[in-house]
Amino acid sequence: MADDNGKGGQVTFAMQTFERIHPVEFQRRFLTQGTRHSGRGFAEFRTPHIVKGSIGTAQGSATVRLGNTIMVCGIKAEVCEPDVKQPTHGYLTTNVELSPMCSARFRPGAPSEEAQVASEHIHRLVSSSVDLSSLCIEEDKVVWSLAADIVCLKYDGNAIDAAVMAVVAALEDLRLPSVAVDPATGIVNADAAVASGTQLRIANRLFPATFSLVDDNYLVADADDAEEQMTTASLLVVLDGHARIVNVWKRGAGVLSRETIAGCIKAAAARKAAIESALDA
């Protein structure tokens, strides 16, 4: 028995060493056999786990775990003056943070290009699902400004799916304080009690699904960090609550046929139920 355990330990050590020295070839050994190093099938997603209200100091918050990827979103609400061009609309900003604390692949300093692109794209997605007119307190005078900070605590691939799920869950958790504007002084008085807060109106939930073309040959769902290092193209499919297409976003130089994209959209619709279940848990 001791000898068997010793041999098993040697094999594990040899595999870990091989993966560290030849990471690409290590992945190919699995891919050519029709499987992935994690044991998942090519079309298999990791199960999302979502906890709402994870940050006590934020008006809305959520934590999402997707395999070993952990993303936290906190939303702070402040009052401000509206844009003169849209006097009945509030503001919503998003910021994605991918720091060296979550993975060694990210460098300290200015936000990485990946983080900036993710922030901009998530902002466009979320803005289409939130009724910004519901953030109006008093037309042409006072509106709510929401700042959603999405921070990656641990990175193991597919940050975009985890970030979208986190901000959607945080928006559903959001409670805006009851406010009143003094007509004489213009001072805004807010009731800080969460119980008296108003829930934000969300037009549509967003259900993301990302697919990656690994080694320019293998299409996998929900790639982890090791697989992303070999990715030549990725496709993000976002559906709404009625399984209608909200957004299809391709990145990278790899070629994806129309048939492949159609298959991804079908797979995204099949995944929707798992995300919905996590949001409602």
# chains A, B, ... in the order shown; residues from 1 in each chain; ligands from 1

$ select_by_dssp --residues "stretch 142-252 of chain A" --states "alpha helix (DSSP H)" --output "PyMOL selection string"
chain A and resi 159-173+225-228

$ closest_atom_pairs --of "stretch 84-136 of chain A" --to "stretch 242-248 of chain A" --cutoff "12 Å" --atoms "only C-alpha atoms" --output "tab-separated table"
residue	atom	partner	partner_atom	distance
A:His121	CA	A:Asn247	CA	10.0
A:Ile122	CA	A:Asn247	CA	10.7
A:Arg124	CA	A:Asn247	CA	9.9
A:Leu125	CA	A:Asn247	CA	7.8
A:Val126	CA	A:Val246	CA	10.5
A:Ser127	CA	A:Val246	CA	11.8
A:Ser128	CA	A:Val246	CA	8.8
A:Ser129	CA	A:Val246	CA	9.5

$ closest_atom_pairs --of "stretch 32-70 of chain A" --to "stretch 74-84 of chain A" --cutoff "12 Å" --atoms "only C-alpha atoms" --output "JSON lines"
{"residue": "A:Lys52", "atom": "CA", "partner": "A:Gly74", "partner_atom": "CA", "distance": 10.1}
{"residue": "A:Gly53", "atom": "CA", "partner": "A:Gly74", "partner_atom": "CA", "distance": 8.9}
{"residue": "A:Ser54", "atom": "CA", "partner": "A:Gly74", "partner_atom": "CA", "distance": 8.5}
{"residue": "A:Ile55", "atom": "CA", "partner": "A:Gly74", "partner_atom": "CA", "distance": 6.7}
{"residue": "A:Gly56", "atom": "CA", "partner": "A:Gly74", "partner_atom": "CA", "distance": 9.4}
{"residue": "A:Thr57", "atom": "CA", "partner": "A:Lys76", "partner_atom": "CA", "distance": 8.5}
{"residue": "A:Ala58", "atom": "CA", "partner": "A:Lys76", "partner_atom": "CA", "distance": 5.5}
{"residue": "A:Gln59", "atom": "CA", "partner": "A:Lys76", "partner_atom": "CA", "distance": 5.6}
{"residue": "A:Gly60", "atom": "CA", "partner": "A:Ile75", "partner_atom": "CA", "distance": 5.0}
{"residue": "A:Ser61", "atom": "CA", "partner": "A:Gly74", "partner_atom": "CA", "distance": 4.3}
{"residue": "A:Ala62", "atom": "CA", "partner": "A:Gly74", "partner_atom": "CA", "distance": 6.8}
{"residue": "A:Thr63", "atom": "CA", "partner": "A:Gly74", "partner_atom": "CA", "distance": 8.9}
{"residue": "A:Val64", "atom": "CA", "partner": "A:Gly74", "partner_atom": "CA", "distance": 11.7}

$ write_last_selection --atoms "N, CA and C atoms" --output "short mmCIF file (atom, residue, chain, number, x, y, z; two decimals), in the first residue's frame"
data_model
loop_
_atom_site.label_atom_id
_atom_site.label_comp_id
_atom_site.auth_asym_id
_atom_site.auth_seq_id
_atom_site.Cartn_x
_atom_site.Cartn_y
_atom_site.Cartn_z
N LYS A 52 -25.80 37.17 -2.75
CA LYS A 52 -26.15 38.59 -2.76
C LYS A 52 -25.97 39.20 -1.37
N GLY A 53 -25.72 40.52 -1.34
CA GLY A 53 -25.58 41.22 -0.07
C GLY A 53 -24.32 40.88 0.69
N SER A 54 -23.25 40.62 -0.04
CA SER A 54 -22.00 40.20 0.60
C SER A 54 -21.18 41.36 1.17
N ILE A 55 -21.51 42.60 0.81
CA ILE A 55 -20.80 43.78 1.32
C ILE A 55 -21.78 44.65 2.09
N GLY A 56 -21.61 44.73 3.39
CA GLY A 56 -22.57 45.45 4.22
C GLY A 56 -22.57 46.96 4.03
N THR A 57 -21.47 47.53 3.55
CA THR A 57 -21.38 48.99 3.41
C THR A 57 -21.85 49.50 2.06
N ALA A 58 -22.23 48.59 1.15
CA ALA A 58 -22.69 49.00 -0.18
C ALA A 58 -24.21 48.94 -0.25
N GLN A 59 -24.79 49.77 -1.13
CA GLN A 59 -26.25 49.75 -1.31
C GLN A 59 -26.71 48.48 -2.02
N GLY A 60 -25.80 47.87 -2.77
CA GLY A 60 -26.08 46.61 -3.44
C GLY A 60 -24.78 45.87 -3.67
N SER A 61 -24.76 44.56 -3.50
CA SER A 61 -23.51 43.83 -3.67
C SER A 61 -23.79 42.35 -3.95
N ALA A 62 -22.78 41.68 -4.47
CA ALA A 62 -22.89 40.25 -4.75
C ALA A 62 -21.50 39.67 -4.96
N THR A 63 -21.35 38.39 -4.64
CA THR A 63 -20.12 37.65 -4.89
C THR A 63 -20.45 36.47 -5.78
N VAL A 64 -19.64 36.28 -6.81
CA VAL A 64 -19.84 35.19 -7.76
C VAL A 64 -18.61 34.30 -7.76
#

$ closest_residue --among "A:Ala233, A:Ala43, A:Ala104, A:Val188" --to "A:Cys264" --atoms "only C-alpha atoms"
A:Ala43

$ closest_residue --among "A:Cys136, A:Ile202, A:Val24, A:Val255" --to "A:Ala169" --atoms "only C-alpha atoms"
A:Ile202

$ select_by_dssp --residues "stretch 164-265 of chain A" --states "strand (DSSP E or B)" --output "number ranges by chain"
A: 175-176, 178-181, 188-191, 198-199, 202, 207-214, 218-221, 231-239, 245-252

$ atom_distance --atom1 "atom CA of A:Ala268" --atom2 "atom CA of A:Phe211"
9.2 Å

$ residues_around --residues "A:Ser119" --least-positions-apart "6" --cutoff "7 Å" --atoms "only C-alpha atoms" --output "list of chain:residue names"
A:Thr94, A:Asn95, A:Val96

$ write_last_selection --atoms "N, CA, C and O atoms" --output "tab-separated table (two decimals), in the first residue's frame"
chain	number	residue	atom	x	y	z
A	94	THR	N	-19.49	51.55	-14.47
A	94	THR	CA	-18.94	50.25	-14.08
A	94	THR	C	-17.42	50.29	-14.19
A	94	THR	O	-16.87	50.94	-15.09
A	95	ASN	N	-16.78	49.61	-13.29
A	95	ASN	CA	-15.32	49.53	-13.32
A	95	ASN	C	-14.89	48.12	-12.91
A	95	ASN	O	-15.26	47.64	-11.84
A	96	VAL	N	-14.11	47.47	-13.78
A	96	VAL	CA	-13.61	46.13	-13.51
A	96	VAL	C	-12.15	46.21	-13.09
A	96	VAL	O	-11.33	46.86	-13.77

$ closest_residue --among "A:Asn204, A:Gln86, A:Thr260, A:Ser38" --to "A:Val238" --atoms "only C-alpha atoms"
A:Asn204

$ closest_atom_pairs --of "stretch 53-155 of chain A" --to "stretch 217-225 of chain A" --cutoff "9 Å" --atoms "only C-alpha atoms" --output "Markdown table"
| residue | atom | partner | partner_atom | distance |
| --- | --- | --- | --- | --- |
| A:Gly67 | CA | A:Asp224 | CA | 8.4 |
| A:Asn68 | CA | A:Asp224 | CA | 8.6 |
| A:Thr69 | CA | A:Asp224 | CA | 8.5 |
| A:Tyr155 | CA | A:Asp225 | CA | 7.4 |

$ residues_around --residues "A:Gly109" --least-positions-apart "4" --cutoff "12 Å" --atoms "only C-alpha atoms" --output "list in words"
Glu97, Leu98, Ser99, Pro100 and Glu113 of chain A

$ write_last_selection --atoms "all heavy atoms" --output "mmCIF file, in the first residue's frame"
data_model
loop_
_atom_site.group_PDB
_atom_site.id
_atom_site.type_symbol
_atom_site.label_atom_id
_atom_site.label_comp_id
_atom_site.auth_asym_id
_atom_site.auth_seq_id
_atom_site.Cartn_x
_atom_site.Cartn_y
_atom_site.Cartn_z
ATOM 1 N N GLU A 97 -11.816 45.591 -11.975
ATOM 2 C CA GLU A 97 -10.439 45.606 -11.461
ATOM 3 C C GLU A 97 -9.847 44.201 -11.496
ATOM 4 O O GLU A 97 -10.356 43.278 -10.861
ATOM 5 C CB GLU A 97 -10.414 46.143 -10.029
ATOM 6 C CG GLU A 97 -9.002 46.239 -9.450
ATOM 7 C CD GLU A 97 -8.987 46.793 -8.036
ATOM 8 O OE1 GLU A 97 -9.809 47.687 -7.754
ATOM 9 O OE2 GLU A 97 -8.159 46.331 -7.222
ATOM 10 N N LEU A 98 -8.774 44.060 -12.265
ATOM 11 C CA LEU A 98 -8.011 42.811 -12.340
ATOM 12 C C LEU A 98 -6.592 43.133 -11.877
ATOM 13 O O LEU A 98 -5.777 43.623 -12.652
ATOM 14 C CB LEU A 98 -8.002 42.265 -13.774
ATOM 15 C CG LEU A 98 -9.374 41.957 -14.402
ATOM 16 C CD1 LEU A 98 -9.231 41.622 -15.874
ATOM 17 C CD2 LEU A 98 -10.049 40.805 -13.655
ATOM 18 N N SER A 99 -6.315 42.883 -10.616
ATOM 19 C CA SER A 99 -5.045 43.288 -10.019
ATOM 20 C C SER A 99 -4.111 42.098 -9.851
ATOM 21 O O SER A 99 -4.517 40.934 -9.971
ATOM 22 C CB SER A 99 -5.304 43.938 -8.659
ATOM 23 O OG SER A 99 -5.678 42.950 -7.716
ATOM 24 N N PRO A 100 -2.837 42.369 -9.539
ATOM 25 C CA PRO A 100 -1.886 41.268 -9.283
ATOM 26 C C PRO A 100 -2.291 40.397 -8.093
ATOM 27 O O PRO A 100 -1.803 39.280 -7.955
ATOM 28 C CB PRO A 100 -0.577 42.006 -8.990
ATOM 29 C CG PRO A 100 -0.731 43.351 -9.606
ATOM 30 C CD PRO A 100 -2.182 43.678 -9.493
ATOM 31 N N GLU A 113 -5.418 46.482 -20.322
ATOM 32 C CA GLU A 113 -6.324 46.639 -21.456
ATOM 33 C C GLU A 113 -7.531 45.719 -21.308
ATOM 34 O O GLU A 113 -8.659 46.094 -21.617
ATOM 35 C CB GLU A 113 -5.586 46.321 -22.756
ATOM 36 C CG GLU A 113 -6.449 46.486 -24.002
ATOM 37 C CD GLU A 113 -5.705 46.174 -25.286
ATOM 38 O OE1 GLU A 113 -4.478 45.953 -25.220
ATOM 39 O OE2 GLU A 113 -6.351 46.145 -26.353
#

$ closest_residue --among "A:Thr17, A:Leu176, A:Tyr91, A:Gly197" --to "A:Ser145" --atoms "only C-alpha atoms"
A:Tyr91

$ atom_distance --atom1 "atom CA of A:Cys73" --atom2 "atom CA of A:Val51"
10.6 Å

$ residues_around --residues "A:Asn189" --least-positions-apart "6" --cutoff "9 Å" --atoms "only C-alpha atoms" --output "number ranges by chain"
A: 178-182

$ write_last_selection --atoms "C-alpha atoms" --output "compact mmCIF listing (two decimals), in the first residue's frame"
# COMPACT_ATOMS: atom_id res chain seq x y z
CA SER A 178 -35.99 56.90 0.43
CA VAL A 179 -35.25 60.57 -0.25
CA ALA A 180 -37.03 63.90 -0.10
CA VAL A 181 -35.94 67.26 -1.52
CA ASP A 182 -36.60 70.33 0.62

$ atom_distance --atom1 "atom CA of A:Thr47" --atom2 "atom CA of A:Ala274"
7.2 Å

$ closest_residue --among "A:Glu138, A:Arg46, A:Lys250, A:Ala270" --to "A:Arg65" --atoms "only C-alpha atoms"
A:Arg46

$ closest_residue --among "A:Leu132, A:Met165, A:Val117, A:Ala226" --to "A:His22" --atoms "only C-alpha atoms"
A:Ala226

$ residues_around --residues "A:Phe207" --least-positions-apart "5" --cutoff "7 Å" --atoms "only C-alpha atoms" --output "PyMOL selection string"
chain A and resi 238-240+272+275

$ write_last_selection --atoms "all heavy atoms" --output "short mmCIF file (atom, residue, chain, number, x, y, z; two decimals), in the first residue's frame"
data_model
loop_
_atom_site.label_atom_id
_atom_site.label_comp_id
_atom_site.auth_asym_id
_atom_site.auth_seq_id
_atom_site.Cartn_x
_atom_site.Cartn_y
_atom_site.Cartn_z
N VAL A 238 -24.68 36.92 -24.92
CA VAL A 238 -25.49 37.39 -23.80
C VAL A 238 -26.95 37.33 -24.20
O VAL A 238 -27.35 37.89 -25.23
CB VAL A 238 -25.12 38.82 -23.38
CG1 VAL A 238 -25.96 39.26 -22.18
CG2 VAL A 238 -23.64 38.92 -23.04
N LEU A 239 -27.75 36.65 -23.38
CA LEU A 239 -29.18 36.53 -23.63
C LEU A 239 -29.95 37.26 -22.54
O LEU A 239 -29.42 37.50 -21.44
CB LEU A 239 -29.60 35.05 -23.63
CG LEU A 239 -28.85 34.12 -24.59
CD1 LEU A 239 -29.38 32.70 -24.44
CD2 LEU A 239 -28.97 34.59 -26.03
N ASP A 240 -31.20 37.59 -22.83
CA ASP A 240 -32.04 38.20 -21.80
C ASP A 240 -32.92 37.14 -21.15
O ASP A 240 -32.76 35.93 -21.42
CB ASP A 240 -32.88 39.35 -22.37
CG ASP A 240 -33.92 38.89 -23.39
OD1 ASP A 240 -34.13 37.66 -23.53
OD2 ASP A 240 -34.54 39.75 -24.05
N LYS A 272 -28.58 29.09 -19.60
CA LYS A 272 -29.35 30.14 -18.94
C LYS A 272 -30.00 29.66 -17.65
O LYS A 272 -30.02 30.38 -16.64
CB LYS A 272 -30.41 30.67 -19.91
CG LYS A 272 -31.42 31.64 -19.31
CD LYS A 272 -32.40 32.11 -20.35
CE LYS A 272 -33.50 32.93 -19.75
NZ LYS A 272 -34.40 32.12 -18.89
N ILE A 275 -27.68 29.74 -14.53
CA ILE A 275 -27.42 31.09 -14.01
C ILE A 275 -28.67 31.62 -13.30
O ILE A 275 -28.59 32.23 -12.24
CB ILE A 275 -27.01 32.04 -15.15
CG1 ILE A 275 -25.74 31.54 -15.84
CG2 ILE A 275 -26.79 33.46 -14.62
CD1 ILE A 275 -25.31 32.36 -17.03
#

$ residues_around --residues "A:Pro87" --least-positions-apart "5" --cutoff "8 Å" --atoms "only C-alpha atoms" --output "PDB file with N, CA, C and O atoms, in the first residue's frame"
ATOM      1  N   PRO A  82     -28.617  65.985 -12.745  1.00  0.00           N
ATOM      2  CA  PRO A  82     -28.684  65.233 -14.007  1.00  0.00           C
ATOM      3  C   PRO A  82     -28.006  65.962 -15.158  1.00  0.00           C
ATOM      4  O   PRO A  82     -27.713  67.165 -15.063  1.00  0.00           O
ATOM      5  N   GLU A 139     -37.068  65.713 -11.370  1.00  0.00           N
ATOM      6  CA  GLU A 139     -36.681  66.068 -12.729  1.00  0.00           C
ATOM      7  C   GLU A 139     -35.912  67.388 -12.793  1.00  0.00           C
ATOM      8  O   GLU A 139     -36.309  68.384 -12.184  1.00  0.00           O
ATOM      9  N   ASP A 140     -34.800  67.323 -13.520  1.00  0.00           N
ATOM     10  CA  ASP A 140     -33.956  68.480 -13.789  1.00  0.00           C
ATOM     11  C   ASP A 140     -33.242  69.012 -12.547  1.00  0.00           C
ATOM     12  O   ASP A 140     -32.597  70.057 -12.595  1.00  0.00           O
ATOM     13  N   LYS A 141     -33.357  68.279 -11.414  1.00  0.00           N
ATOM     14  CA  LYS A 141     -32.727  68.766 -10.188  1.00  0.00           C
ATOM     15  C   LYS A 141     -31.814  67.724  -9.537  1.00  0.00           C
ATOM     16  O   LYS A 141     -30.631  67.980  -9.318  1.00  0.00           O
TER      17      LYS A 141
END
